[in-house]
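Input: a single structure, listed below in structure tokens.
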2 protein chains.
Amino acid sequence: METKVQYLGYTTSALGSDSFTAINPYDGQAIDGFFVDATSEEINQAVDLAEKAVKICRKTANESRAAFLEAIASEIEGLGDDLINTGILETALPQARLQGERGRTCGQLRFFASIVKEGSWVDARIDTAIPDRAPIPKPDIRQMSISLGPVAVFGASNFPLALSVAGGDTASALAAGCPVIFKAHPAHPNTSDLVARAIIKAAQKTGMADGVFSMVHGRANRVGEELVRNSAVKAVGFTGSFRGGKALFDLANQREEPIPVYAEMGSTNPVFILPGALKDAQGLATGMAGSISLGVGQFCTNPGLLFIPKNEDGKAFINAITESVTTGEGGTMLTPGIKVAYDNSKASLEEQSGVKSLAKSKKPASTAGVEAQVYQVTASEFSNNPILAKEVFGPSSVIVNYNDKEDILTIARNLKGHLTATVHGTHEDLKDYSELFDILENKVGRILINGLPTGVEVCHSMVHGGPFPVTTASQTTSVGGNAIKRFVRPVSYQNFPADLLPDQLKDGNPLKIMRLIDGELTRG
Amino acid sequence: METKVQYLGYTTSALGSDSFTAINPYDGQAIDGFFVDATSEEINQAVDLAEKAVKICRKTANESRAAFLEAIASEIEGLGDDLINTGILETALPQARLQGERGRTCGQLRFFASIVKEGSWVDARIDTAIPDRAPIPKPDIRQMSISLGPVAVFGASNFPLALSVAGGDTASALAAGCPVIFKAHPAHPNTSDLVARAIIKAAQKTGMADGVFSMVHGRANRVGEELVRNSAVKAVGFTGSFRGGKALFDLANQREEPIPVYAEMGSTNPVFILPGALKDAQGLATGMAGSISLGVGQFCTNPGLLFIPKNEDGKAFINAITESVTTGEGGTMLTPGIKVAYDNSKASLEEQSGVKSLAKSKKPASTAGVEAQVYQVTASEFSNNPILAKEVFGPSSVIVNYNDKEDILTIARNLKGHLTATVHGTHEDLKDYSELFDILENKVGRILINGLPTGVEVCHSMVHGGPFPVTTASQTTSVGGNAIKRFVRPVSYQNFPADLLPDQLKDGNPLKIMRLIDGELTRG
């Protein structure tokens, strides 16, 4: 087997001895390619290079930084079928899904390139001097956001491209002018290796500083922990489990200098089906069953809780979703470990009082093969047992039967933080339940009406985040234009001569960005 | 003595038994007015009222919310000399200073009112639907920032108006639509009581919800700790000591649901005097001596470290500042406790190897009276002893003699986070030392050229913050327009019918705010 390397800026290294391979989720066999956990020296070297690169990255012209992001997209596309086939082998995700995910990944890189080129995201502000103001003169003060410094990013298993090496966290951190040290997810190291090489190539082709990007491997927690503890690292991006994200958050807060951890840690994504929405119970059930089993239920926005009225229409919906799930095929999960976790979560759910299994799909014979499954409980059982609201990572969902509006509002008030909440209903329903929206605003990052929570649009308005415990930073989003703001902080420049000011703050606005000048937003 | 009360929304209460009074810093005597630490019941009642008010505060029209802030300013002005005289009695700050601070406080409230009225601060974003996009339709997604919920604010001792009851944290939190529960500083409870009553009056006059503002007293840490631990509190604003701020930060992170703590914890505010700046050593020394002793050195931006070239010009500066300080009068600090802390900090400084006292002012005979004092150390002594860089809260400063540019850059690289860094020099100097600015950007929230760090302008471009340990949230500012952003989070609304959207996100832009529509900033 070939031994793969850590990418420490533009050099490669493989000093460690703790080795691992990826595992094929279909047959449980080792996949070719030998990886070693990064040593402490390698981790420090990557961070040192990143720290040295900060000044250059911060000052890189918008056009060049955008060209780098665009070059990453082109290099990833240049990997062709090799990338897709490697991804299939390591994750069991189907070809069309990985092709779509590659499209989203490259689209996301180009999206951030366009934001960088436009340039207004730095929130430039100028307050002009009033030297003769009484009782004291008003100084010239200007402000803009600058990059935080080296960022450690942890890849997620469930999106091996869009939330991994060149995924949203990396793209937004690089766009902000931060060097990135990426901790590869051990479930898809070969896929990660291909993408890391594409990034390194793009960085070299576009003349970026050595250290703008590094990637280290590690199956042991030590690797990630050492990264987060390194005093030169100034922020952390993470997508994964609550346990993993919260551990990094706690670690980062225990540092001598605490740093922000942007951890997106999964969600049960409640769906409220209001009475009038069940006119087409069949169509809605088919759509929902598809959303539950999409990507073998391994989406952060997978609908894990469905609130259905306890009436004849509700019964029709339940019959239809039961039919739809039962005739489904199930799927192969990302790793054998995730399959075991799914089985255990379901088993623990089944132990709870009042939980009834409604429907179970077929199950592939593969090592990580699982069935989709739908459960049912009453509103009072649900309200009395917080375990029923916990995320089961995989193609499973709990249907909760509610009696009336008061049930719905009580349930909503008791929700913890989630990525999304979805409400289905006629316009009449929505107005009738308008109080529900007031409650949901406090609980989630995104509220959808008459849609499916899966499918996260990469656009300026997307919030992929929400109140704890779904993230450790409810004031941010990990997908969409605002994700860039996680990696910057504002600095004021008082009484600076023109030639020492950044271009964004110069008189005459050479970059033609939108700025707040004496309280007026203007490109002048 | 009259017993004063807690303000729990629109009701008053005084259930507790642990009582205290303010102490006159001139004579150490108790000041009339008997205060009691808030009980747990009182704290919970204030937070419950705030939680109930969240929905109403969030939906209050911009005009009404602005009217509330403006009414607070008018009510404070309406307190007239009573407020100023009470402030003098409790803080020993001179009349002109408190009058100026009242002006800043009311100006700040009106500044946030203007931001609220203009309305664009919510960062409204709209991505319009493309129903026929292939392979999947693009949904309509809109985003804006909404208030976090109840905010606990802790008053600072050193600005009894501008950083206290109706100070920057309160003003920006109310502007953001958050109810505030204020923990009064026990050093100026009578001043706090007057301002709290002004806020309550303004809230009632402008029809705000009961619970939009509460104020509790407490000398025991328990009061603040219970506030921060209360699960309905969603953010904390604090200005004060490192020990106090860091303790609240840790407490907030240990909650089941961690919440952001915006703690501004003091700073030494290094001043770099480059060789060419000493052409007018006398003028610069007089200005700097004034800045050191301004407000008896009790400013967050007090210049506690002066880096001076080791040459004849440097000697002239040192002679001039020595002269200026020696002939000064000293002053009376805010409290006897702060005077003791100042004396202890100086004593600990004087114990350090190589620390030489250069100049000491006279000292008033008052209980909390202190002298201004300036010390001197060499660059190498400074570099080898981190204790010398610690803040001494009061009118003291350490002069560090440097030999050359390398000394300056090394010192700058080793700095921890500060609120400000100031550089004095000719244009030639500034260009010659341009690397210094690259370093300082990583160390402080505001860089000033040829100015004095004291005097924080309340404007859109102000950053009053900086990297840890000066704050627990380097990505924010506690003064200036952006302070409002600390108290909000973004929410996405997907596929909402027009009548369920907030006004900020409606087609037709009824509020005429700047919005990002399909990537274009526009008021259209």
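In the structure tokens, chains take the letters A, B, ... in the order shown, each chain's residues start at 1, and ligands count up from 1 in the order shown.
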
Need the shell around stretch 436-440 of chain A: protein/DNA/RNA residues with any atom at most 8 Å away, counting only C-alpha atoms. Skip same-chain ones fewer than 4 positions apart. Format as number ranges by chain? A: 408-409, 412-413, 421, 444, 447; B: 55

As a ChimeraX atom specification, please: the residues near B:Pro490 (cut-off 9 Å, only C-alpha atoms, same-chain neighbours under 4 positions excluded). /A:445-446,463,465-466,474-477 /B:122-123,143-147

Saved selection, atoms kept: N, CA, C and O atoms, as an mmCIF file, in the first residue's frame:
data_model
loop_
_atom_site.group_PDB
_atom_site.id
_atom_site.type_symbol
_atom_site.label_atom_id
_atom_site.label_comp_id
_atom_site.auth_asym_id
_atom_site.auth_seq_id
_atom_site.Cartn_x
_atom_site.Cartn_y
_atom_site.Cartn_z
ATOM 1 N N GLY A 445 -32.161 28.282 13.199
ATOM 2 C CA GLY A 445 -31.514 29.242 12.314
ATOM 3 C C GLY A 445 -32.305 29.511 11.054
ATOM 4 O O GLY A 445 -32.172 30.564 10.431
ATOM 5 N N ARG A 446 -33.153 28.544 10.662
ATOM 6 C CA ARG A 446 -33.912 28.711 9.414
ATOM 7 C C ARG A 446 -35.306 28.132 9.579
ATOM 8 O O ARG A 446 -35.458 27.004 10.046
ATOM 9 N N VAL A 463 -28.958 30.760 6.547
ATOM 10 C CA VAL A 463 -28.436 30.539 7.889
ATOM 11 C C VAL A 463 -28.416 29.033 8.119
ATOM 12 O O VAL A 463 -29.464 28.393 8.152
ATOM 13 N N GLY A 465 -27.245 27.175 10.960
ATOM 14 C CA GLY A 465 -26.774 27.341 12.322
ATOM 15 C C GLY A 465 -27.992 27.394 13.219
ATOM 16 O O GLY A 465 -29.089 27.034 12.786
ATOM 17 N N GLY A 466 -27.822 27.860 14.417
ATOM 18 C CA GLY A 466 -28.954 27.954 15.321
ATOM 19 C C GLY A 466 -28.486 27.900 16.758
ATOM 20 O O GLY A 466 -27.305 27.674 17.031
ATOM 21 N N SER A 474 -24.404 30.655 18.030
ATOM 22 C CA SER A 474 -25.703 30.873 17.384
ATOM 23 C C SER A 474 -25.727 32.137 16.544
ATOM 24 O O SER A 474 -26.634 32.344 15.753
ATOM 25 N N GLN A 475 -24.730 32.995 16.702
ATOM 26 C CA GLN A 475 -24.757 34.268 16.000
ATOM 27 C C GLN A 475 -24.110 34.185 14.629
ATOM 28 O O GLN A 475 -23.888 35.215 13.990
ATOM 29 N N THR A 476 -23.814 32.948 14.195
ATOM 30 C CA THR A 476 -23.108 32.777 12.930
ATOM 31 C C THR A 476 -23.795 31.703 12.091
ATOM 32 O O THR A 476 -24.700 31.021 12.553
ATOM 33 N N THR A 477 -23.340 31.589 10.855
ATOM 34 C CA THR A 477 -23.789 30.516 9.973
ATOM 35 C C THR A 477 -22.567 29.840 9.374
ATOM 36 O O THR A 477 -21.560 30.503 9.134
ATOM 37 N N VAL B 122 -29.816 45.634 10.495
ATOM 38 C CA VAL B 122 -30.246 44.233 10.654
ATOM 39 C C VAL B 122 -29.701 43.323 9.562
ATOM 40 O O VAL B 122 -29.902 42.126 9.577
ATOM 41 N N ASP B 123 -28.946 43.895 8.604
ATOM 42 C CA ASP B 123 -28.311 43.095 7.550
ATOM 43 C C ASP B 123 -29.343 42.235 6.817
ATOM 44 O O ASP B 123 -29.201 41.013 6.716
ATOM 45 N N GLN B 143 -33.114 36.709 4.958
ATOM 46 C CA GLN B 143 -32.426 36.643 6.245
ATOM 47 C C GLN B 143 -32.373 38.015 6.896
ATOM 48 O O GLN B 143 -32.201 39.022 6.206
ATOM 49 N N MET B 144 -32.509 38.038 8.215
ATOM 50 C CA MET B 144 -32.195 39.263 8.952
ATOM 51 C C MET B 144 -31.784 38.888 10.371
ATOM 52 O O MET B 144 -31.938 37.748 10.797
ATOM 53 N N SER B 145 -31.246 39.863 11.088
ATOM 54 C CA SER B 145 -30.831 39.635 12.458
ATOM 55 C C SER B 145 -31.975 39.958 13.400
ATOM 56 O O SER B 145 -32.665 40.967 13.218
ATOM 57 N N ILE B 146 -32.167 39.113 14.392
ATOM 58 C CA ILE B 146 -33.178 39.373 15.421
ATOM 59 C C ILE B 146 -32.513 39.345 16.800
ATOM 60 O O ILE B 146 -31.422 38.795 16.958
ATOM 61 N N SER B 147 -33.187 39.935 17.773
ATOM 62 C CA SER B 147 -32.591 40.059 19.107
ATOM 63 C C SER B 147 -32.401 38.690 19.749
ATOM 64 O O SER B 147 -33.183 37.767 19.528
#

With only C-alpha atoms as the counted atoms, please give the residues lying no more than 8 Å from A:Ile23, apart from itself and same-chain residues fewer than 5 positions off, as a PyMOL selection string. chain A and resi 28-31+90+187+335

Which polymer residues have any atom within 8 Å of an atom of A:Met462, counting only C-alpha atoms, with same-chain residues fewer than 5 positions away left out, as a list of chain:residue names?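 The filter keeps A:Arg446, A:Val456, A:Glu457, A:Thr477, A:Val479, A:Gly480, A:Gly481, B:Ile141, B:Arg142, B:Gln143, B:Ser492.
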
Same residues, all heavy atoms, saved as an mmCIF file, in the first residue's frame:
data_model
loop_
_atom_site.group_PDB
_atom_site.id
_atom_site.type_symbol
_atom_site.label_atom_id
_atom_site.label_comp_id
_atom_site.auth_asym_id
_atom_site.auth_seq_id
_atom_site.Cartn_x
_atom_site.Cartn_y
_atom_site.Cartn_z
ATOM 1 N N ARG A 446 -33.153 28.544 10.662
ATOM 2 C CA ARG A 446 -33.912 28.711 9.414
ATOM 3 C C ARG A 446 -35.306 28.132 9.579
ATOM 4 O O ARG A 446 -35.458 27.004 10.046
ATOM 5 C CB ARG A 446 -33.175 28.010 8.260
ATOM 6 C CG ARG A 446 -33.890 28.056 6.909
ATOM 7 C CD ARG A 446 -32.966 27.656 5.738
ATOM 8 N NE ARG A 446 -32.381 26.346 5.919
ATOM 9 C CZ ARG A 446 -32.635 25.272 5.134
ATOM 10 N NH1 ARG A 446 -33.466 25.379 4.106
ATOM 11 N NH2 ARG A 446 -32.051 24.118 5.367
ATOM 12 N N VAL A 456 -29.566 22.480 1.330
ATOM 13 C CA VAL A 456 -29.176 23.764 1.910
ATOM 14 C C VAL A 456 -28.621 24.630 0.788
ATOM 15 O O VAL A 456 -27.582 24.326 0.215
ATOM 16 C CB VAL A 456 -28.118 23.553 3.021
ATOM 17 C CG1 VAL A 456 -27.599 24.878 3.543
ATOM 18 C CG2 VAL A 456 -28.708 22.731 4.165
ATOM 19 N N GLU A 457 -29.348 25.678 0.458
ATOM 20 C CA GLU A 457 -28.941 26.555 -0.639
ATOM 21 C C GLU A 457 -27.732 27.396 -0.216
ATOM 22 O O GLU A 457 -27.756 28.040 0.831
ATOM 23 C CB GLU A 457 -30.141 27.466 -0.983
ATOM 24 C CG GLU A 457 -29.962 28.352 -2.176
ATOM 25 C CD GLU A 457 -30.013 27.576 -3.499
ATOM 26 O OE1 GLU A 457 -30.632 26.497 -3.558
ATOM 27 O OE2 GLU A 457 -29.400 28.077 -4.465
ATOM 28 N N THR A 477 -23.340 31.589 10.855
ATOM 29 C CA THR A 477 -23.789 30.516 9.973
ATOM 30 C C THR A 477 -22.567 29.840 9.374
ATOM 31 O O THR A 477 -21.560 30.503 9.134
ATOM 32 C CB THR A 477 -24.703 31.053 8.858
ATOM 33 O OG1 THR A 477 -25.001 29.978 7.947
ATOM 34 C CG2 THR A 477 -24.038 32.163 8.045
ATOM 35 N N VAL A 479 -22.841 28.030 6.514
ATOM 36 C CA VAL A 479 -23.077 27.985 5.069
ATOM 37 C C VAL A 479 -23.646 29.346 4.660
ATOM 38 O O VAL A 479 -24.411 29.951 5.417
ATOM 39 C CB VAL A 479 -24.071 26.865 4.681
ATOM 40 C CG1 VAL A 479 -24.365 26.893 3.179
ATOM 41 C CG2 VAL A 479 -23.546 25.489 5.076
ATOM 42 N N GLY A 480 -23.281 29.802 3.469
ATOM 43 C CA GLY A 480 -23.828 31.062 2.971
ATOM 44 C C GLY A 480 -22.859 32.219 3.181
ATOM 45 O O GLY A 480 -21.845 32.092 3.874
ATOM 46 N N GLY A 481 -23.211 33.352 2.586
ATOM 47 C CA GLY A 481 -22.294 34.488 2.534
ATOM 48 C C GLY A 481 -21.762 34.941 3.882
ATOM 49 O O GLY A 481 -20.587 35.292 4.007
ATOM 50 N N ILE B 141 -35.336 32.732 -0.206
ATOM 51 C CA ILE B 141 -34.771 32.731 1.146
ATOM 52 C C ILE B 141 -34.445 34.165 1.540
ATOM 53 O O ILE B 141 -33.878 34.915 0.741
ATOM 54 C CB ILE B 141 -33.503 31.865 1.243
ATOM 55 C CG1 ILE B 141 -33.765 30.459 0.708
ATOM 56 C CG2 ILE B 141 -33.022 31.768 2.687
ATOM 57 C CD1 ILE B 141 -32.595 29.500 0.871
ATOM 58 N N ARG B 142 -34.810 34.520 2.747
ATOM 59 C CA ARG B 142 -34.554 35.878 3.235
ATOM 60 C C ARG B 142 -33.955 35.778 4.633
ATOM 61 O O ARG B 142 -34.285 34.858 5.379
ATOM 62 C CB ARG B 142 -35.863 36.683 3.259
ATOM 63 C CG ARG B 142 -36.481 36.747 1.868
ATOM 64 C CD ARG B 142 -37.858 37.352 1.828
ATOM 65 N NE ARG B 142 -38.403 37.186 0.484
ATOM 66 C CZ ARG B 142 -38.987 38.154 -0.221
ATOM 67 N NH1 ARG B 142 -39.143 39.365 0.294
ATOM 68 N NH2 ARG B 142 -39.443 37.923 -1.431
ATOM 69 N N GLN B 143 -33.114 36.709 4.958
ATOM 70 C CA GLN B 143 -32.426 36.643 6.245
ATOM 71 C C GLN B 143 -32.373 38.015 6.896
ATOM 72 O O GLN B 143 -32.201 39.022 6.206
ATOM 73 C CB GLN B 143 -30.981 36.176 6.022
ATOM 74 C CG GLN B 143 -30.147 36.105 7.282
ATOM 75 C CD GLN B 143 -28.639 35.968 7.029
ATOM 76 O OE1 GLN B 143 -27.851 36.757 7.504
ATOM 77 N NE2 GLN B 143 -28.235 34.971 6.269
ATOM 78 N N SER B 492 -32.986 32.758 8.946
ATOM 79 C CA SER B 492 -33.459 32.656 7.558
ATOM 80 C C SER B 492 -34.934 32.307 7.519
ATOM 81 O O SER B 492 -35.394 31.456 8.289
ATOM 82 C CB SER B 492 -32.722 31.541 6.802
ATOM 83 O OG SER B 492 -31.472 31.940 6.392
#

Could you check which of B:Gln376, B:Asn509, B:Thr472, B:Thr286 is closest to B:Ala263, using only C-alpha atoms?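 That would be B:Thr472, the residue with the smallest distance to B:Ala263.
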